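Data first, discussion second: the structure below is written as structure tokens.
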Amino acid sequence: MPPPISRRARFTSRLTATTALAACFALFLPGTAFAEMGQVRTETREIIITEEGVYEVGEDVESLEAFLEENPEYAPSVEDPDGFSTLATTSLPLTHGTLTTSTTNCDSATVRYSKTSGSRLTIRFSVAQVGRLTQTGGIMSIVAGQSRSYSVSLRPVGNVQGRMYVTQQGTTFTNNYISCR
């Protein structure tokens with residue numbers, strides 16, 4: 001007859017079985033579940049772009065509506081964004097949208113611009129990483145109601161910054177750096 005199993009041995013046996021079950025469950029999870037469990041960091045900047053400059057919503061102006069109250073000459077740009085281009089003479093060009101940079105464990109980064117209103121823009125995204133070369137995407141256009149994005153693979157070292165170059169202004173807009181520590 002085998003010797004009786006001690007209380008400690010039964011506990012260890014149950015703990016080992018539970019760990020094995022959890023490991024099996026984790027192996028059968030879809031790959032996206034791991035990405036969702038990863039460390040996602042996002043930096044967002046809502047901006048208003050005019051021919052005079054760039055205004056950050058929340059820092060420079062309270063909202064698009066407040067900006068239009070103070071600058072009524074831009075109202076036609078929001079009322080009929082498809083009626084003219086950024087070079088039109090009937091209305092001043094204005095663009096309103098959100099520039100977002102996201103990373104997952106600093107293994108990848110995505111820069112996205114969601115354009116809420118205003119004139120057509122020609123843009124080019126890039127992702128800068130401290131201590132590495134900047135990766136740049138192709139030129140693309142965007143109109144009100146659209147989103148455009150650019151994704152890259154990264155090395156998990158060196159803070160990350162998303163950038164958007166606007167051809168009509170010759171200006172690059174950036175998010176703050178996202179820490180990869």
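Chains: A, B, ... in order of the structure tokens. Residues: from 1 per chain. Ligands: from 1, in order shown.
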
With only C-alpha atoms as the counted atoms, please give the residues lying no more than 12 Å from region 62-64 of chain A, apart from itself and same-chain residues fewer than 2 positions off, as a PyMOL selection string.
chain A and resi 46-50+55-60+66-72+74-75+77-78+94-98+116-118

What would the file look like if the residues just selected were written as a short mmCIF file (atom, residue, chain, number, x, y, z; two decimals), in the first residue's frame with N, CA and C atoms?
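What ended up in part.cif:
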data_model
loop_
_atom_site.label_atom_id
_atom_site.label_comp_id
_atom_site.auth_asym_id
_atom_site.auth_seq_id
_atom_site.Cartn_x
_atom_site.Cartn_y
_atom_site.Cartn_z
N GLU A 46 -5.57 67.40 -30.68
CA GLU A 46 -6.62 67.94 -31.55
C GLU A 46 -6.15 69.30 -32.03
N ILE A 47 -6.13 69.48 -33.36
CA ILE A 47 -5.55 70.70 -33.91
C ILE A 47 -6.48 71.36 -34.92
N ILE A 48 -6.33 72.68 -35.02
CA ILE A 48 -7.00 73.48 -36.04
C ILE A 48 -5.87 74.10 -36.86
N ILE A 49 -5.87 73.84 -38.16
CA ILE A 49 -4.82 74.35 -39.04
C ILE A 49 -5.42 75.45 -39.90
N THR A 50 -4.82 76.64 -39.88
CA THR A 50 -5.26 77.76 -40.72
C THR A 50 -4.06 78.27 -41.50
N TYR A 55 -3.48 75.81 -34.12
CA TYR A 55 -4.01 76.01 -32.79
C TYR A 55 -4.33 74.67 -32.19
N GLU A 56 -3.83 74.42 -30.99
CA GLU A 56 -4.12 73.17 -30.31
C GLU A 56 -5.36 73.37 -29.45
N VAL A 57 -6.38 72.53 -29.68
CA VAL A 57 -7.63 72.63 -28.93
C VAL A 57 -7.35 72.21 -27.49
N GLY A 58 -7.81 73.03 -26.56
CA GLY A 58 -7.59 72.77 -25.14
C GLY A 58 -6.42 73.56 -24.59
N GLU A 59 -5.47 73.90 -25.47
CA GLU A 59 -4.33 74.69 -25.02
C GLU A 59 -4.40 76.11 -25.60
N ASP A 60 -4.58 76.22 -26.93
CA ASP A 60 -4.63 77.52 -27.58
C ASP A 60 -6.05 78.06 -27.70
N ALA A 66 -15.51 77.76 -30.47
CA ALA A 66 -14.97 78.99 -29.88
C ALA A 66 -14.04 79.68 -30.87
N PHE A 67 -13.24 78.89 -31.59
CA PHE A 67 -12.34 79.46 -32.60
C PHE A 67 -13.14 80.17 -33.68
N LEU A 68 -14.22 79.53 -34.16
CA LEU A 68 -15.04 80.13 -35.22
C LEU A 68 -15.76 81.39 -34.73
N GLU A 69 -16.14 81.44 -33.46
CA GLU A 69 -16.77 82.65 -32.92
C GLU A 69 -15.78 83.81 -32.94
N GLU A 70 -14.51 83.52 -32.63
CA GLU A 70 -13.48 84.56 -32.63
C GLU A 70 -12.96 84.88 -34.03
N ASN A 71 -13.12 83.93 -34.97
CA ASN A 71 -12.61 84.09 -36.33
C ASN A 71 -13.70 83.70 -37.33
N PRO A 72 -14.75 84.52 -37.45
CA PRO A 72 -15.90 84.15 -38.31
C PRO A 72 -15.54 84.01 -39.78
N TYR A 74 -13.54 82.10 -41.06
CA TYR A 74 -13.29 80.69 -41.36
C TYR A 74 -14.58 79.85 -41.40
N ALA A 75 -15.70 80.43 -41.02
CA ALA A 75 -16.96 79.67 -40.95
C ALA A 75 -17.32 78.99 -42.28
N SER A 77 -15.52 77.59 -44.39
CA SER A 77 -14.70 76.38 -44.55
C SER A 77 -15.34 75.18 -43.89
N VAL A 78 -16.02 75.40 -42.78
CA VAL A 78 -16.67 74.32 -42.05
C VAL A 78 -18.05 74.03 -42.64
N LEU A 94 -9.15 76.03 -43.76
CA LEU A 94 -9.15 75.63 -42.37
C LEU A 94 -9.30 74.12 -42.32
N THR A 95 -8.59 73.49 -41.42
CA THR A 95 -8.69 72.06 -41.22
C THR A 95 -8.79 71.79 -39.72
N HIS A 96 -9.67 70.87 -39.36
CA HIS A 96 -9.84 70.52 -37.96
C HIS A 96 -9.81 69.01 -37.86
N GLY A 97 -9.00 68.48 -36.95
CA GLY A 97 -8.92 67.04 -36.79
C GLY A 97 -8.08 66.65 -35.60
N THR A 98 -7.81 65.36 -35.50
CA THR A 98 -7.05 64.84 -34.37
C THR A 98 -5.88 64.01 -34.87
N THR A 116 -11.92 66.05 -39.23
CA THR A 116 -13.32 66.30 -38.90
C THR A 116 -13.97 67.25 -39.90
N SER A 117 -13.25 68.31 -40.27
CA SER A 117 -13.83 69.31 -41.17
C SER A 117 -12.72 70.05 -41.88
N GLY A 118 -13.13 70.85 -42.85
CA GLY A 118 -12.19 71.73 -43.52
C GLY A 118 -11.77 71.24 -44.90
#

If we count only C-alpha atoms and set the cut-off at 9 Å, which residues sit around Phe125 (chain A), ignoring sequence neighbours fewer than 6 positions away in its own chain? Please answer as a list of chain:residue names.
A:Val111, A:Arg112, A:Gln135, A:Thr136, A:Gly137, A:Gly138, A:Ile139, A:Met140, A:Ser149, A:Tyr150, A:Gly162, A:Arg163, A:Met164, A:Tyr165

Requested write-out: all heavy atoms of the selected residues, as a JSON list (two decimals), in the first residue's frame:
[["chain", "number", "residue", "atom", "x", "y", "z"],
["A", 111, "VAL", "N", 0.58, 56.21, -36.52],
["A", 111, "VAL", "CA", 0.23, 57.63, -36.51],
["A", 111, "VAL", "C", -1.05, 57.74, -37.33],
["A", 111, "VAL", "O", -1.12, 57.21, -38.44],
["A", 111, "VAL", "CB", 1.32, 58.51, -37.13],
["A", 111, "VAL", "CG1", 0.96, 59.99, -37.01],
["A", 111, "VAL", "CG2", 2.65, 58.25, -36.49],
["A", 112, "ARG", "N", -2.06, 58.42, -36.78],
["A", 112, "ARG", "CA", -3.35, 58.55, -37.47],
["A", 112, "ARG", "C", -3.83, 59.99, -37.39],
["A", 112, "ARG", "O", -3.71, 60.64, -36.35],
["A", 112, "ARG", "CB", -4.39, 57.63, -36.80],
["A", 112, "ARG", "CG", -5.81, 57.77, -37.35],
["A", 112, "ARG", "CD", -6.79, 56.85, -36.68],
["A", 112, "ARG", "NE", -6.36, 55.47, -36.72],
["A", 112, "ARG", "CZ", -6.56, 54.64, -37.74],
["A", 112, "ARG", "NH1", -7.14, 55.07, -38.83],
["A", 112, "ARG", "NH2", -6.15, 53.39, -37.67],
["A", 135, "GLN", "N", 11.28, 56.92, -39.75],
["A", 135, "GLN", "CA", 10.63, 56.17, -40.82],
["A", 135, "GLN", "C", 9.50, 57.02, -41.39],
["A", 135, "GLN", "O", 8.69, 57.55, -40.64],
["A", 135, "GLN", "CB", 10.08, 54.84, -40.29],
["A", 135, "GLN", "CG", 11.17, 53.95, -39.71],
["A", 135, "GLN", "CD", 10.60, 52.65, -39.17],
["A", 135, "GLN", "OE1", 10.02, 51.88, -39.92],
["A", 135, "GLN", "NE2", 10.77, 52.43, -37.87],
["A", 136, "THR", "N", 9.47, 57.16, -42.73],
["A", 136, "THR", "CA", 8.52, 58.06, -43.38],
["A", 136, "THR", "C", 7.64, 57.31, -44.37],
["A", 136, "THR", "O", 8.13, 56.49, -45.14],
["A", 136, "THR", "CB", 9.29, 59.18, -44.12],
["A", 136, "THR", "OG1", 10.13, 59.85, -43.18],
["A", 136, "THR", "CG2", 8.34, 60.19, -44.74],
["A", 137, "GLY", "N", 6.35, 57.63, -44.36],
["A", 137, "GLY", "CA", 5.39, 57.02, -45.27],
["A", 137, "GLY", "C", 5.26, 57.82, -46.55],
["A", 137, "GLY", "O", 5.94, 58.83, -46.76],
["A", 138, "GLY", "N", 4.34, 57.40, -47.41],
["A", 138, "GLY", "CA", 4.11, 58.06, -48.68],
["A", 138, "GLY", "C", 3.19, 59.26, -48.55],
["A", 138, "GLY", "O", 2.52, 59.45, -47.53],
["A", 139, "ILE", "N", 3.12, 60.05, -49.60],
["A", 139, "ILE", "CA", 2.24, 61.23, -49.63],
["A", 139, "ILE", "C", 0.82, 60.75, -49.90],
["A", 139, "ILE", "O", 0.59, 59.87, -50.73],
["A", 139, "ILE", "CB", 2.71, 62.20, -50.72],
["A", 139, "ILE", "CG1", 4.08, 62.76, -50.36],
["A", 139, "ILE", "CG2", 1.69, 63.33, -50.91],
["A", 139, "ILE", "CD1", 4.70, 63.61, -51.44],
["A", 140, "MET", "N", -0.15, 61.34, -49.19],
["A", 140, "MET", "CA", -1.56, 60.99, -49.38],
["A", 140, "MET", "C", -2.42, 62.22, -49.16],
["A", 140, "MET", "O", -1.99, 63.18, -48.52],
["A", 140, "MET", "CB", -1.97, 59.86, -48.43],
["A", 140, "MET", "CG", -1.76, 60.15, -46.96],
["A", 140, "MET", "SD", -2.04, 58.73, -45.88],
["A", 140, "MET", "CE", -0.47, 57.92, -45.96],
["A", 149, "SER", "N", -3.67, 56.74, -41.88],
["A", 149, "SER", "CA", -2.71, 56.29, -40.87],
["A", 149, "SER", "C", -1.48, 55.71, -41.53],
["A", 149, "SER", "O", -1.46, 55.40, -42.73],
["A", 149, "SER", "CB", -3.36, 55.25, -39.95],
["A", 149, "SER", "OG", -3.70, 54.09, -40.68],
["A", 150, "TYR", "N", -0.45, 55.53, -40.70],
["A", 150, "TYR", "CA", 0.83, 54.97, -41.12],
["A", 150, "TYR", "C", 1.35, 54.16, -39.93],
["A", 150, "TYR", "O", 1.39, 54.67, -38.82],
["A", 150, "TYR", "CB", 1.79, 56.10, -41.48],
["A", 150, "TYR", "CG", 3.20, 55.67, -41.76],
["A", 150, "TYR", "CD1", 3.52, 54.85, -42.83],
["A", 150, "TYR", "CD2", 4.24, 56.11, -40.95],
["A", 150, "TYR", "CE1", 4.83, 54.47, -43.09],
["A", 150, "TYR", "CE2", 5.55, 55.75, -41.20],
["A", 150, "TYR", "CZ", 5.84, 54.93, -42.28],
["A", 150, "TYR", "OH", 7.14, 54.55, -42.53],
["A", 162, "GLY", "N", 5.08, 60.59, -33.17],
["A", 162, "GLY", "CA", 4.38, 60.61, -34.45],
["A", 162, "GLY", "C", 4.40, 62.01, -35.03],
["A", 162, "GLY", "O", 4.31, 62.99, -34.29],
["A", 163, "ARG", "N", 4.53, 62.08, -36.37],
["A", 163, "ARG", "CA", 4.61, 63.38, -37.04],
["A", 163, "ARG", "C", 3.73, 63.38, -38.29],
["A", 163, "ARG", "O", 3.56, 62.34, -38.93],
["A", 163, "ARG", "CB", 6.05, 63.67, -37.45],
["A", 163, "ARG", "CG", 6.99, 63.72, -36.26],
["A", 163, "ARG", "CD", 8.43, 63.87, -36.69],
["A", 163, "ARG", "NE", 9.32, 63.94, -35.52],
["A", 163, "ARG", "CZ", 10.62, 63.99, -35.61],
["A", 163, "ARG", "NH1", 11.23, 63.95, -36.78],
["A", 163, "ARG", "NH2", 11.35, 64.06, -34.49],
["A", 164, "MET", "N", 3.20, 64.54, -38.65],
["A", 164, "MET", "CA", 2.43, 64.69, -39.88],
["A", 164, "MET", "C", 2.89, 65.97, -40.58],
["A", 164, "MET", "O", 2.78, 67.07, -40.03],
["A", 164, "MET", "CB", 0.93, 64.76, -39.58],
["A", 164, "MET", "CG", 0.08, 64.92, -40.83],
["A", 164, "MET", "SD", -1.70, 64.98, -40.49],
["A", 164, "MET", "CE", -1.87, 66.63, -39.77],
["A", 165, "TYR", "N", 3.39, 65.81, -41.80],
["A", 165, "TYR", "CA", 3.81, 66.95, -42.61],
["A", 165, "TYR", "C", 2.64, 67.35, -43.50],
["A", 165, "TYR", "O", 2.04, 66.51, -44.18],
["A", 165, "TYR", "CB", 5.01, 66.56, -43.48],
["A", 165, "TYR", "CG", 5.45, 67.64, -44.44],
["A", 165, "TYR", "CD1", 6.18, 68.75, -43.98],
["A", 165, "TYR", "CD2", 5.14, 67.57, -45.79],
["A", 165, "TYR", "CE1", 6.58, 69.73, -44.86],
["A", 165, "TYR", "CE2", 5.54, 68.55, -46.67],
["A", 165, "TYR", "CZ", 6.26, 69.63, -46.20],
["A", 165, "TYR", "OH", 6.66, 70.62, -47.08]]

For a test of reading the model, state the distance in Å between CA of Gln161 (chain A) and CA of Glu65 (chain A), rounded to one decimal.
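One can read the CA of Gln161 (chain A) to CA of Glu65 (chain A) distance as 28.7 Å.
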
As a list in words, list the residues of region 59-162 of chain A assigned to helix (DSSP H, G or I) by DSSP on the backbone atoms of this structure.
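Answer for region 59-162 of chain A, restricted to helix (DSSP H, G or I): Leu64, Glu65, Ala66, Phe67, Leu68, Glu69, Glu70, Pro72, Glu73, Tyr74, Ala75, Pro76, Ser77, Val78 and Glu79 of chain A.
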
Residues from last step as file, C-alpha atoms, as an mmCIF file, in the first residue's frame:
data_model
loop_
_atom_site.group_PDB
_atom_site.id
_atom_site.type_symbol
_atom_site.label_atom_id
_atom_site.label_comp_id
_atom_site.auth_asym_id
_atom_site.auth_seq_id
_atom_site.Cartn_x
_atom_site.Cartn_y
_atom_site.Cartn_z
ATOM 1 C CA LEU A 64 -13.539 74.612 -32.827
ATOM 2 C CA GLU A 65 -16.779 76.456 -32.093
ATOM 3 C CA ALA A 66 -14.971 78.991 -29.884
ATOM 4 C CA PHE A 67 -12.337 79.459 -32.595
ATOM 5 C CA LEU A 68 -15.040 80.131 -35.216
ATOM 6 C CA GLU A 69 -16.766 82.652 -32.919
ATOM 7 C CA GLU A 70 -13.479 84.561 -32.628
ATOM 8 C CA PRO A 72 -15.897 84.147 -38.305
ATOM 9 C CA GLU A 73 -14.032 84.447 -41.618
ATOM 10 C CA TYR A 74 -13.293 80.691 -41.362
ATOM 11 C CA ALA A 75 -16.955 79.666 -40.955
ATOM 12 C CA PRO A 76 -17.522 78.957 -44.708
ATOM 13 C CA SER A 77 -14.700 76.381 -44.551
ATOM 14 C CA VAL A 78 -16.668 74.316 -42.049
ATOM 15 C CA GLU A 79 -20.085 74.911 -43.639
#

Quick one: residues within 9 Å of Leu121 (chain A), only C-alpha atoms, excluding same-chain residues fewer than 4 positions away - as a list in words?
Ser85, Thr86, Thr95, Met140, Ser141, Ile142, Val143, Val166, Thr167 and Gln168 of chain A

Rank nothing, just name the residue among A:Asn105, A:Ser114, A:Gln169, A:Ser119 nearest to Arg155 (chain A), using only C-alpha atoms.
A:Asn105

Near-Ala109 (chain A) list (9 Å; only C-alpha atoms; drop same-chain fewer than 3 positions) as a ChimeraX atom specification:
/A:101-104,106,127,150-154,160-162

What is the distance, in Å and to one decimal place, between CA of Thr42 (chain A) and CA of Gln129 (chain A)?
14.8 Å

Would you work out the distance separating CA of Gln146 (chain A) from CA of Thr110 (chain A), expressed in Å to one decimal?
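Computing it gives 16.1 Å between the two atoms.
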